[in-house]
$ cat final39.cif   # mmCIF, C-alpha atoms
data_run
loop_
_atom_site.group_PDB
_atom_site.id
_atom_site.type_symbol
_atom_site.label_atom_id
_atom_site.label_comp_id
_atom_site.auth_asym_id
_atom_site.auth_seq_id
_atom_site.Cartn_x
_atom_site.Cartn_y
_atom_site.Cartn_z
ATOM 1 C CA MET A 1068 84.358 -82.246 0.413
ATOM 2 C CA SER A 1069 84.327 -80.869 -3.141
ATOM 3 C CA ARG A 1070 81.427 -78.604 -2.202
ATOM 4 C CA GLY A 1071 83.399 -77.215 0.700
ATOM 5 C CA ARG A 1072 86.420 -76.544 -1.465
ATOM 6 C CA ASP A 1073 84.244 -74.890 -4.076
ATOM 7 C CA ASP A 1074 83.018 -72.447 -1.456
ATOM 8 C CA ALA A 1075 86.441 -71.809 -0.079
ATOM 9 C CA GLY A 1076 87.158 -68.647 -2.036
ATOM 10 C CA MET A 1077 87.619 -66.990 -5.382
ATOM 11 C CA ILE A 1078 90.413 -69.425 -6.304
ATOM 12 C CA SER A 1079 88.063 -72.410 -6.073
ATOM 13 C CA PRO A 1080 87.333 -74.500 -9.203
ATOM 14 C CA GLY A 1081 84.012 -72.731 -9.737
ATOM 15 C CA TRP A 1082 85.694 -69.326 -9.803
ATOM 16 C CA VAL A 1083 88.527 -70.585 -12.003
ATOM 17 C CA ASP A 1084 86.100 -71.865 -14.651
ATOM 18 C CA ALA A 1085 83.968 -68.721 -14.344
ATOM 19 C CA ALA A 1086 87.028 -66.504 -14.841
ATOM 20 C CA ALA A 1087 88.038 -68.534 -17.903
ATOM 21 C CA VAL A 1088 84.568 -68.175 -19.429
ATOM 22 C CA PHE A 1089 84.453 -64.490 -18.510
ATOM 23 C CA GLY A 1090 87.809 -64.029 -20.236
ATOM 24 C CA VAL A 1091 86.385 -65.378 -23.490
ATOM 25 C CA LEU A 1092 83.281 -63.213 -23.248
ATOM 26 C CA ALA A 1093 85.169 -60.065 -22.243
ATOM 27 C CA SER A 1094 87.722 -60.522 -25.018
ATOM 28 C CA VAL A 1095 84.991 -60.926 -27.645
ATOM 29 C CA LEU A 1096 83.154 -57.836 -26.403
ATOM 30 C CA LEU A 1097 86.335 -55.766 -26.128
ATOM 31 C CA LEU A 1098 87.171 -56.659 -29.725
ATOM 32 C CA ALA A 1099 83.645 -55.554 -30.657
ATOM 33 C CA LYS A 1100 84.236 -52.267 -28.841
ATOM 34 C CA GLN A 1101 87.341 -51.611 -30.946
ATOM 35 C CA VAL A 1102 85.529 -52.448 -34.193
ATOM 36 C CA ARG A 1103 82.387 -50.358 -33.513
ATOM 37 C CA PRO A 1104 83.761 -46.859 -34.271
ATOM 38 C CA VAL A 1105 85.392 -48.056 -37.492
ATOM 39 C CA VAL A 1106 82.156 -49.731 -38.622
ATOM 40 C CA ALA A 1107 80.170 -46.619 -37.710
ATOM 41 C CA GLU A 1108 82.498 -44.343 -39.697
ATOM 42 C CA PHE A 1109 82.308 -46.556 -42.777
ATOM 43 C CA ALA A 1110 78.507 -46.734 -42.482
ATOM 44 C CA TRP A 1111 78.181 -42.945 -42.326
ATOM 45 C CA ARG A 1112 80.426 -42.509 -45.356
ATOM 46 C CA VAL A 1113 78.361 -44.996 -47.337
ATOM 47 C CA ARG A 1114 75.134 -43.283 -46.270
ATOM 48 C CA LEU A 1115 76.400 -39.818 -47.215
ATOM 49 C CA GLY A 1116 78.058 -40.967 -50.424
ATOM 50 C CA ASP A 1117 81.436 -39.694 -49.265
ATOM 51 C CA ASP A 1118 84.091 -40.684 -51.791
ATOM 52 C CA VAL A 1119 86.974 -39.748 -49.496
ATOM 53 C CA ALA A 1120 88.730 -42.885 -48.330
ATOM 54 C CA PHE A 1121 88.559 -43.525 -44.608
ATOM 55 C CA THR A 1122 91.646 -44.920 -42.950
ATOM 56 C CA PRO A 1123 91.451 -45.855 -39.255
ATOM 57 C CA SER A 1124 94.222 -44.471 -37.094
ATOM 58 C CA VAL A 1125 97.269 -46.505 -36.170
ATOM 59 C CA THR A 1126 95.917 -46.736 -32.620
ATOM 60 C CA GLN A 1127 92.595 -48.104 -33.863
ATOM 61 C CA TRP A 1128 94.264 -50.693 -36.054
ATOM 62 C CA ALA A 1129 96.639 -51.698 -33.247
ATOM 63 C CA ARG A 1130 93.792 -52.220 -30.774
ATOM 64 C CA ILE A 1131 91.723 -54.175 -33.279
ATOM 65 C CA ALA A 1132 94.697 -56.359 -34.211
ATOM 66 C CA ALA A 1133 95.662 -56.971 -30.575
ATOM 67 C CA TRP A 1134 92.205 -58.033 -29.420
ATOM 68 C CA LEU A 1135 91.546 -60.001 -32.596
ATOM 69 C CA LEU A 1136 94.682 -62.052 -31.902
ATOM 70 C CA VAL A 1137 93.739 -62.509 -28.231
ATOM 71 C CA THR A 1138 90.185 -63.532 -29.118
ATOM 72 C CA VAL A 1139 91.255 -65.961 -31.846
ATOM 73 C CA ALA A 1140 93.795 -67.473 -29.455
ATOM 74 C CA LEU A 1141 91.133 -67.983 -26.787
ATOM 75 C CA LEU A 1142 88.628 -69.453 -29.234
ATOM 76 C CA SER A 1143 91.255 -71.880 -30.538
ATOM 77 C CA GLY A 1144 92.166 -72.963 -27.011
ATOM 78 C CA ARG A 1145 95.611 -71.322 -26.947
ATOM 79 C CA ARG A 1146 95.163 -69.846 -23.497
ATOM 80 C CA ALA A 1147 98.849 -69.138 -22.813
ATOM 81 C CA PHE A 1148 99.223 -67.188 -26.059
ATOM 82 C CA ALA A 1149 96.022 -65.272 -25.325
ATOM 83 C CA ALA A 1150 97.269 -64.348 -21.846
ATOM 84 C CA PHE A 1151 100.553 -63.116 -23.301
ATOM 85 C CA GLY A 1152 98.717 -61.101 -25.958
ATOM 86 C CA ALA A 1153 96.404 -59.540 -23.389
ATOM 87 C CA ARG A 1154 99.358 -58.450 -21.267
ATOM 88 C CA VAL A 1155 101.013 -56.910 -24.318
ATOM 89 C CA ALA A 1156 97.754 -55.053 -25.011
ATOM 90 C CA VAL A 1157 97.796 -53.695 -21.454
ATOM 91 C CA LEU A 1158 101.371 -52.490 -21.930
ATOM 92 C CA GLY A 1159 100.256 -50.862 -25.166
ATOM 93 C CA GLU A 1160 97.548 -48.946 -23.318
ATOM 94 C CA VAL A 1161 100.117 -47.861 -20.728
ATOM 95 C CA PHE A 1162 102.333 -46.601 -23.555
ATOM 96 C CA LEU A 1163 99.422 -44.627 -25.027
ATOM 97 C CA LEU A 1164 98.748 -43.070 -21.631
ATOM 98 C CA VAL A 1165 102.397 -42.008 -21.336
ATOM 99 C CA VAL A 1166 102.756 -40.521 -24.830
ATOM 100 C CA ARG A 1167 99.335 -38.867 -25.149
ATOM 101 C CA ASP A 1168 99.460 -35.181 -25.969
ATOM 102 C CA PRO A 1169 98.740 -33.136 -22.808
ATOM 103 C CA ALA A 1170 97.679 -30.247 -25.051
ATOM 104 C CA TYR A 1171 94.450 -32.147 -25.730
ATOM 105 C CA PRO A 1172 93.152 -33.109 -22.299
ATOM 106 C CA LEU A 1173 90.384 -35.673 -22.128
ATOM 107 C CA PRO A 1174 88.148 -36.673 -19.213
ATOM 108 C CA VAL A 1175 89.877 -39.115 -16.896
ATOM 109 C CA LEU A 1176 87.325 -41.854 -17.594
ATOM 110 C CA ILE A 1177 87.872 -41.666 -21.348
ATOM 111 C CA THR A 1178 91.647 -41.586 -20.908
ATOM 112 C CA TRP A 1179 91.885 -44.534 -18.534
ATOM 113 C CA LEU A 1180 88.940 -46.679 -19.643
ATOM 114 C CA PRO A 1181 90.811 -48.603 -22.406
ATOM 115 C CA PHE A 1182 93.583 -49.471 -19.952
ATOM 116 C CA VAL A 1183 91.135 -50.610 -17.250
ATOM 117 C CA LEU A 1184 89.147 -52.790 -19.676
ATOM 118 C CA ALA A 1185 92.322 -54.327 -21.084
ATOM 119 C CA ALA A 1186 93.593 -55.033 -17.563
ATOM 120 C CA ILE A 1187 90.314 -56.756 -16.603
ATOM 121 C CA VAL A 1188 90.518 -59.062 -19.615
ATOM 122 C CA ALA A 1189 94.218 -59.732 -19.046
ATOM 123 C CA ILE A 1190 93.569 -60.759 -15.441
ATOM 124 C CA ALA A 1191 90.681 -63.021 -16.442
ATOM 125 C CA VAL A 1192 92.569 -64.855 -19.191
ATOM 126 C CA SER A 1193 95.688 -65.180 -17.015
ATOM 127 C CA VAL A 1194 93.921 -67.192 -14.298
ATOM 128 C CA PRO A 1195 95.298 -70.769 -14.484
ATOM 129 C CA SER A 1196 92.522 -73.012 -15.797
ATOM 130 C CA ARG A 1197 91.866 -76.014 -17.997
ATOM 131 C CA PRO A 1198 94.262 -76.584 -20.916
ATOM 132 C CA ARG A 1199 91.830 -75.057 -23.449
ATOM 133 C CA GLY A 1200 90.550 -72.413 -21.045
ATOM 134 C CA GLY A 1201 87.058 -71.018 -21.300
ATOM 135 C CA VAL A 1202 86.127 -72.771 -24.552
ATOM 136 C CA ALA A 1203 86.540 -76.110 -22.777
ATOM 137 C CA VAL A 1204 83.961 -75.010 -20.209
ATOM 138 C CA LEU A 1205 81.618 -73.405 -22.731
ATOM 139 C CA GLY A 1206 81.499 -75.925 -25.532
ATOM 140 C CA ARG A 1207 80.947 -75.017 -29.188
ATOM 141 C CA LEU A 1208 77.349 -73.787 -29.043
ATOM 142 C CA ARG A 1209 77.788 -71.443 -26.092
ATOM 143 C CA THR A 1210 81.070 -70.153 -27.533
ATOM 144 C CA ALA A 1211 79.243 -69.432 -30.792
ATOM 145 C CA LEU A 1212 76.548 -67.507 -28.893
ATOM 146 C CA PHE A 1213 79.229 -65.346 -27.286
ATOM 147 C CA CYS A 1214 80.670 -64.655 -30.747
ATOM 148 C CA VAL A 1215 77.239 -63.704 -32.091
ATOM 149 C CA ALA A 1216 76.828 -61.323 -29.144
ATOM 150 C CA GLY A 1217 80.139 -59.716 -30.074
ATOM 151 C CA ALA A 1218 79.103 -59.422 -33.733
ATOM 152 C CA VAL A 1219 75.824 -57.739 -32.751
ATOM 153 C CA ALA A 1220 77.673 -55.263 -30.543
ATOM 154 C CA ALA A 1221 80.248 -54.518 -33.250
ATOM 155 C CA PHE A 1222 77.950 -54.065 -36.245
ATOM 156 C CA ALA A 1223 74.828 -52.530 -34.675
ATOM 157 C CA PRO A 1224 76.049 -48.969 -35.512
ATOM 158 C CA ILE A 1225 75.494 -49.744 -39.196
ATOM 159 C CA ALA A 1226 71.775 -49.154 -38.664
ATOM 160 C CA ILE A 1227 72.052 -45.613 -37.308
ATOM 161 C CA PRO A 1228 73.135 -43.700 -40.472
ATOM 162 C CA PHE A 1229 70.322 -45.274 -42.464
ATOM 163 C CA LEU A 1230 67.772 -43.984 -39.955
ATOM 164 C CA ALA A 1231 68.903 -40.424 -40.684
ATOM 165 C CA GLU A 1232 67.129 -38.079 -43.080
ATOM 166 C CA ALA A 1233 69.346 -36.157 -45.481
ATOM 167 C CA GLY A 1234 68.350 -32.662 -46.616
ATOM 168 C CA ASP A 1235 70.069 -30.272 -48.997
ATOM 169 C CA ASP A 1236 72.778 -29.167 -46.621
ATOM 170 C CA VAL A 1237 72.046 -30.980 -43.383
ATOM 171 C CA ILE A 1238 71.339 -34.450 -42.145
ATOM 172 C CA THR A 1239 69.065 -35.048 -39.193
ATOM 173 C CA ILE A 1240 68.392 -38.068 -37.062
ATOM 174 C CA ASP A 1241 65.797 -38.613 -34.396
ATOM 175 C CA GLN A 1242 67.583 -39.321 -31.114
ATOM 176 C CA ARG A 1243 64.768 -41.666 -30.220
ATOM 177 C CA SER A 1244 65.851 -43.880 -33.098
ATOM 178 C CA VAL A 1245 69.397 -43.904 -31.772
ATOM 179 C CA SER A 1246 68.086 -44.844 -28.328
ATOM 180 C CA VAL A 1247 65.991 -47.673 -29.791
ATOM 181 C CA VAL A 1248 69.041 -49.082 -31.592
ATOM 182 C CA ALA A 1249 71.059 -48.865 -28.364
ATOM 183 C CA VAL A 1250 68.357 -50.572 -26.284
ATOM 184 C CA LEU A 1251 67.888 -53.324 -28.873
ATOM 185 C CA THR A 1252 71.647 -53.846 -29.069
ATOM 186 C CA TYR A 1253 72.127 -54.089 -25.314
ATOM 187 C CA GLY A 1254 69.031 -56.286 -25.004
ATOM 188 C CA CYS A 1255 70.146 -58.672 -27.739
ATOM 189 C CA VAL A 1256 73.680 -58.938 -26.363
ATOM 190 C CA ALA A 1257 72.350 -59.542 -22.837
ATOM 191 C CA ALA A 1258 69.910 -62.201 -24.087
ATOM 192 C CA LEU A 1259 72.667 -64.032 -25.960
ATOM 193 C CA ILE A 1260 74.949 -63.962 -22.909
ATOM 194 C CA LEU A 1261 72.186 -65.239 -20.632
ATOM 195 C CA GLY A 1262 71.209 -67.875 -23.178
ATOM 196 C CA ALA A 1263 74.789 -69.111 -23.381
ATOM 197 C CA SER A 1264 75.032 -69.182 -19.579
ATOM 198 C CA VAL A 1265 71.912 -71.291 -19.006
ATOM 199 C CA GLY A 1266 73.535 -74.617 -19.808
ATOM 200 C CA LEU A 1267 76.643 -74.081 -17.701
ATOM 201 C CA ALA A 1268 77.090 -75.940 -14.432
ATOM 202 C CA ALA A 1269 75.301 -74.013 -11.683
ATOM 203 C CA PRO A 1270 78.459 -73.102 -9.675
ATOM 204 C CA VAL A 1271 80.127 -71.711 -12.798
ATOM 205 C CA ARG A 1272 76.985 -69.932 -14.010
ATOM 206 C CA ARG A 1273 76.429 -68.155 -10.674
ATOM 207 C CA ARG A 1274 79.990 -66.930 -10.528
ATOM 208 C CA LEU A 1275 80.069 -65.925 -14.192
ATOM 209 C CA LEU A 1276 76.906 -63.847 -13.838
ATOM 210 C CA THR A 1277 78.385 -62.209 -10.744
ATOM 211 C CA LEU A 1278 81.485 -61.166 -12.686
ATOM 212 C CA VAL A 1279 79.385 -59.955 -15.625
ATOM 213 C CA ALA A 1280 77.093 -57.990 -13.296
ATOM 214 C CA VAL A 1281 80.044 -56.238 -11.636
ATOM 215 C CA VAL A 1282 81.594 -55.139 -14.930
ATOM 216 C CA ALA A 1283 78.204 -54.223 -16.426
ATOM 217 C CA THR A 1284 77.473 -52.059 -13.384
ATOM 218 C CA ALA A 1285 80.805 -50.288 -13.719
ATOM 219 C CA TRP A 1286 80.136 -49.763 -17.424
ATOM 220 C CA ALA A 1287 76.673 -48.344 -16.732
ATOM 221 C CA VAL A 1288 78.095 -45.928 -14.164
ATOM 222 C CA VAL A 1289 80.708 -44.783 -16.699
ATOM 223 C CA LEU A 1290 78.008 -44.158 -19.330
ATOM 224 C CA LEU A 1291 75.889 -42.199 -16.841
ATOM 225 C CA PHE A 1292 78.795 -40.559 -15.066
ATOM 226 C CA TYR A 1293 78.528 -37.002 -13.831
ATOM 227 C CA PRO A 1294 81.413 -35.027 -12.301
ATOM 228 C CA GLY A 1295 81.541 -35.509 -8.577
ATOM 229 C CA LEU A 1296 80.142 -39.048 -8.601
ATOM 230 C CA TRP A 1297 83.479 -40.807 -8.212
ATOM 231 C CA PHE A 1298 82.147 -42.526 -5.112
ATOM 232 C CA ALA A 1299 79.428 -44.221 -7.180
ATOM 233 C CA LEU A 1300 81.996 -45.349 -9.730
ATOM 234 C CA VAL A 1301 83.774 -47.335 -7.021
ATOM 235 C CA ALA A 1302 80.927 -48.161 -4.649
ATOM 236 C CA ALA A 1303 78.350 -49.448 -7.146
ATOM 237 C CA PRO A 1304 80.490 -52.306 -8.572
ATOM 238 C CA LEU A 1305 81.679 -53.233 -5.066
ATOM 239 C CA LEU A 1306 78.078 -53.405 -3.813
ATOM 240 C CA VAL A 1307 77.095 -55.595 -6.761
ATOM 241 C CA LEU A 1308 80.103 -57.837 -6.108
ATOM 242 C CA ALA A 1309 79.174 -58.166 -2.428
ATOM 243 C CA ALA A 1310 75.566 -58.957 -3.325
ATOM 244 C CA GLY A 1311 76.672 -61.498 -5.925
ATOM 245 C CA LEU A 1312 79.019 -63.246 -3.503
ATOM 246 C CA ALA A 1313 76.274 -63.373 -0.882
ATOM 247 C CA ILE A 1314 73.785 -64.834 -3.367
ATOM 248 C CA VAL A 1315 76.283 -67.441 -4.571
ATOM 249 C CA HIS A 1316 77.065 -68.443 -0.987
ATOM 250 C CA LEU A 1317 73.386 -68.605 0.016
ATOM 251 C CA GLN A 1318 72.309 -70.607 -3.037
ATOM 252 C CA GLU A 1319 75.042 -73.163 -2.566
ATOM 253 C CA ARG A 1320 74.380 -73.478 1.159
ATOM 254 C CA LEU A 1321 70.707 -74.076 0.403
ATOM 255 C CA SER A 1322 71.549 -76.649 -2.281
ATOM 256 C CA THR A 1323 73.804 -78.434 0.227
ATOM 257 C CA VAL A 1324 71.040 -78.535 2.822
ATOM 258 C CA VAL A 1325 68.456 -79.741 0.303
ATOM 259 C CA GLY A 1326 70.881 -82.297 -1.083
#
$ encode --input "final39.cif" --output "structure tokens"
Amino acid sequence: MSRGRDDAGMISPGWVDAAAVFGVLASVLLLAKQVRPVVAEFAWRVRLGDDVAFTPSVTQWARIAAWLLVTVALLSGRRAFAAFGARVAVLGEVFLLVVRDPAYPLPVLITWLPFVLAAIVAIAVSVPSRPRGGVAVLGRLRTALFCVAGAVAAFAPIAIPFLAEAGDDVITIDQRSVSVVAVLTYGCVAALILGASVGLAAPVRRRLLTLVAVVATAWAVVLLFYPGLWFALVAAPLLVLAAGLAIVHLQERLSTVVG
């Protein structure tokens, strides 16, 4: 009977645990995303010997503080506080959308992406789950691997300025070096996520990887986006979701038959 209930839909125990774990992972990576530009700016100033103090903007500090609080709350098992913090962060992104200066138009994806990412995390951490949320499902080691993945994503930009060659008046950097750093960063983060997922219960692991694949596909489309490809931005994640659901269903049907 438990197998039947687990297949019953996205509110089944397997999906609940997967959403809780995804919330931890997404929060860690979203925090890393907020930290990256600040780390990169500091690294460039150190590399160039710039004595001018760098102060992140109020918006940067607010985003870092918000997602640091949400992440710490999740890692300490305070799921309700994390859910509240994530919702506040979403409202903050809505406020930034409302008050942004129309005199400086930005592409729609850049304008709305922070709000969409915050909303995804807020939904994931708001799903009712175990008392300690995703960390209860993950355990200490897998939680630590997620944190290492976030640290790699956040601090990888440090390497780029030190690959540059400084001349008298100009500084040059081989774009191939930048690409290598990006590939190594994505590869390392993906390996850590997969490594942390291996020991999870199969129903949770399948659903978690489905959620990760959907968001990763959407992220890849955003990075490669060209004007006029709005259909791909919507269709690609939906196709991956459909494929993931089909694979989960098939694997669990086969395991039921074999069992």
$ residues_around --input "final39.cif" --residues "segment 1210-1212 of chain A" --least-positions-apart "4" --cutoff "9 Å" --atoms "all atoms listed in the file" --output "mmCIF file with C-alpha atoms, keeping the file's coordinate frame"
data_model
loop_
_atom_site.group_PDB
_atom_site.id
_atom_site.type_symbol
_atom_site.label_atom_id
_atom_site.label_comp_id
_atom_site.auth_asym_id
_atom_site.auth_seq_id
_atom_site.Cartn_x
_atom_site.Cartn_y
_atom_site.Cartn_z
ATOM 1 C CA VAL A 1091 86.385 -65.378 -23.490
ATOM 2 C CA LEU A 1092 83.281 -63.213 -23.248
ATOM 3 C CA LEU A 1142 88.628 -69.453 -29.234
ATOM 4 C CA GLY A 1201 87.058 -71.018 -21.300
ATOM 5 C CA VAL A 1202 86.127 -72.771 -24.552
ATOM 6 C CA LEU A 1205 81.618 -73.405 -22.731
ATOM 7 C CA GLY A 1206 81.499 -75.925 -25.532
ATOM 8 C CA ALA A 1216 76.828 -61.323 -29.144
ATOM 9 C CA GLY A 1217 80.139 -59.716 -30.074
ATOM 10 C CA LEU A 1259 72.667 -64.032 -25.960
ATOM 11 C CA ILE A 1260 74.949 -63.962 -22.909
ATOM 12 C CA GLY A 1262 71.209 -67.875 -23.178
ATOM 13 C CA ALA A 1263 74.789 -69.111 -23.381
#
$ atom_distance --input "final39.cif" --atom1 "atom CA of Leu1306 of chain A" --atom2 "atom CA of Ser1322 of chain A"
24.2 Å
$ resolve_selection --input "final39.cif" --expression "the PyMOL selection byres ((chain A and resi 1220-1236) around 7)" --output "ChimeraX atom specification"
/A:1099-1100,1102-1103,1106-1107,1110-1111,1114,1216-1219,1237-1240,1245,1252,1256
$ closest_residue --input "final39.cif" --among "A:Asp1117, A:Val1105, A:Val1155, A:Val1192" --to "Leu1141 of chain A" --atoms "all atoms listed in the file"
A:Val1192
$ closest_residue --input "final39.cif" --among "A:Arg1197, A:Val1289, A:Cys1214, A:Leu1300" --to "Val1139 of chain A" --atoms "only C-alpha atoms"
A:Cys1214
$ residues_near_point --input "final39.cif" --point "(76.2, -48.2, -20.1)" --cutoff "12 Å" --atoms "only C-alpha atoms" --output "PyMOL selection string"
chain A and resi 1249-1250+1252-1254+1280+1282-1292
$ write_last_selection --input "final39.cif" --atoms "C-alpha atoms" --output "short mmCIF file (atom, residue, chain, number, x, y, z; two decimals), keeping the file's coordinate frame"
data_model
loop_
_atom_site.label_atom_id
_atom_site.label_comp_id
_atom_site.auth_asym_id
_atom_site.auth_seq_id
_atom_site.Cartn_x
_atom_site.Cartn_y
_atom_site.Cartn_z
CA ALA A 1249 71.06 -48.86 -28.36
CA VAL A 1250 68.36 -50.57 -26.28
CA THR A 1252 71.65 -53.85 -29.07
CA TYR A 1253 72.13 -54.09 -25.31
CA GLY A 1254 69.03 -56.29 -25.00
CA ALA A 1280 77.09 -57.99 -13.30
CA VAL A 1282 81.59 -55.14 -14.93
CA ALA A 1283 78.20 -54.22 -16.43
CA THR A 1284 77.47 -52.06 -13.38
CA ALA A 1285 80.81 -50.29 -13.72
CA TRP A 1286 80.14 -49.76 -17.42
CA ALA A 1287 76.67 -48.34 -16.73
CA VAL A 1288 78.10 -45.93 -14.16
CA VAL A 1289 80.71 -44.78 -16.70
CA LEU A 1290 78.01 -44.16 -19.33
CA LEU A 1291 75.89 -42.20 -16.84
CA PHE A 1292 78.80 -40.56 -15.07
#
$ atom_distance --input "final39.cif" --atom1 "atom CA of Ala1132 of chain A" --atom2 "atom CA of Gly1090 of chain A"
17.4 Å
$ closest_residue --input "final39.cif" --among "A:Gly1200, A:Gly1081, A:Gly1266, A:Pro1304" --to "Ala1147 of chain A" --atoms "all atoms listed in the file"
A:Gly1200
$ closest_residue --input "final39.cif" --among "A:Leu1276, A:Ala1302, A:Val1188, A:Leu1136" --to "Ile1314 of chain A" --atoms "all atoms listed in the file"
A:Leu1276
$ atom_distance --input "final39.cif" --atom1 "atom CA of Val1271 of chain A" --atom2 "atom CA of Ala1133 of chain A"
27.8 Å
$ closest_residue --input "final39.cif" --among "A:Glu1160, A:Ile1190, A:Leu1097, A:Val1088" --to "Ser1264 of chain A" --atoms "all atoms listed in the file"
A:Val1088
$ closest_residue --input "final39.cif" --among "A:Arg1272, A:His1316, A:Arg1243, A:Arg1199" --to "Arg1145 of chain A" --atoms "only C-alpha atoms"
A:Arg1199
$ residues_around --input "final39.cif" --residues "Leu1158 of chain A" --least-positions-apart "2" --cutoff "12 Å" --atoms "all atoms listed in the file" --output "list in words"
Arg1130, Ala1133, Phe1151, Gly1152, Ala1153, Arg1154, Val1155, Ala1156, Glu1160, Val1161, Phe1162, Leu1163, Leu1164, Val1165, Pro1181, Phe1182, Val1183, Ala1185, Ala1186 and Ala1189 of chain A
$ axis_aligned_box --input "final39.cif" --around "segment 1174-1190 of chain A" --padding-each-side "3 Å" --output "lines of an AutoDock Vina configuration file"
center_x = 90.8
center_y = -48.7
center_z = -18.9
size_x = 12.9
size_y = 30.1
size_z = 13.0
$ residues_around --input "final39.cif" --residues "Leu1308 of chain A" --least-positions-apart "3" --cutoff "6 Å" --atoms "only C-alpha atoms" --output "list in words"
Val1281, Leu1305 and Gly1311 of chain A
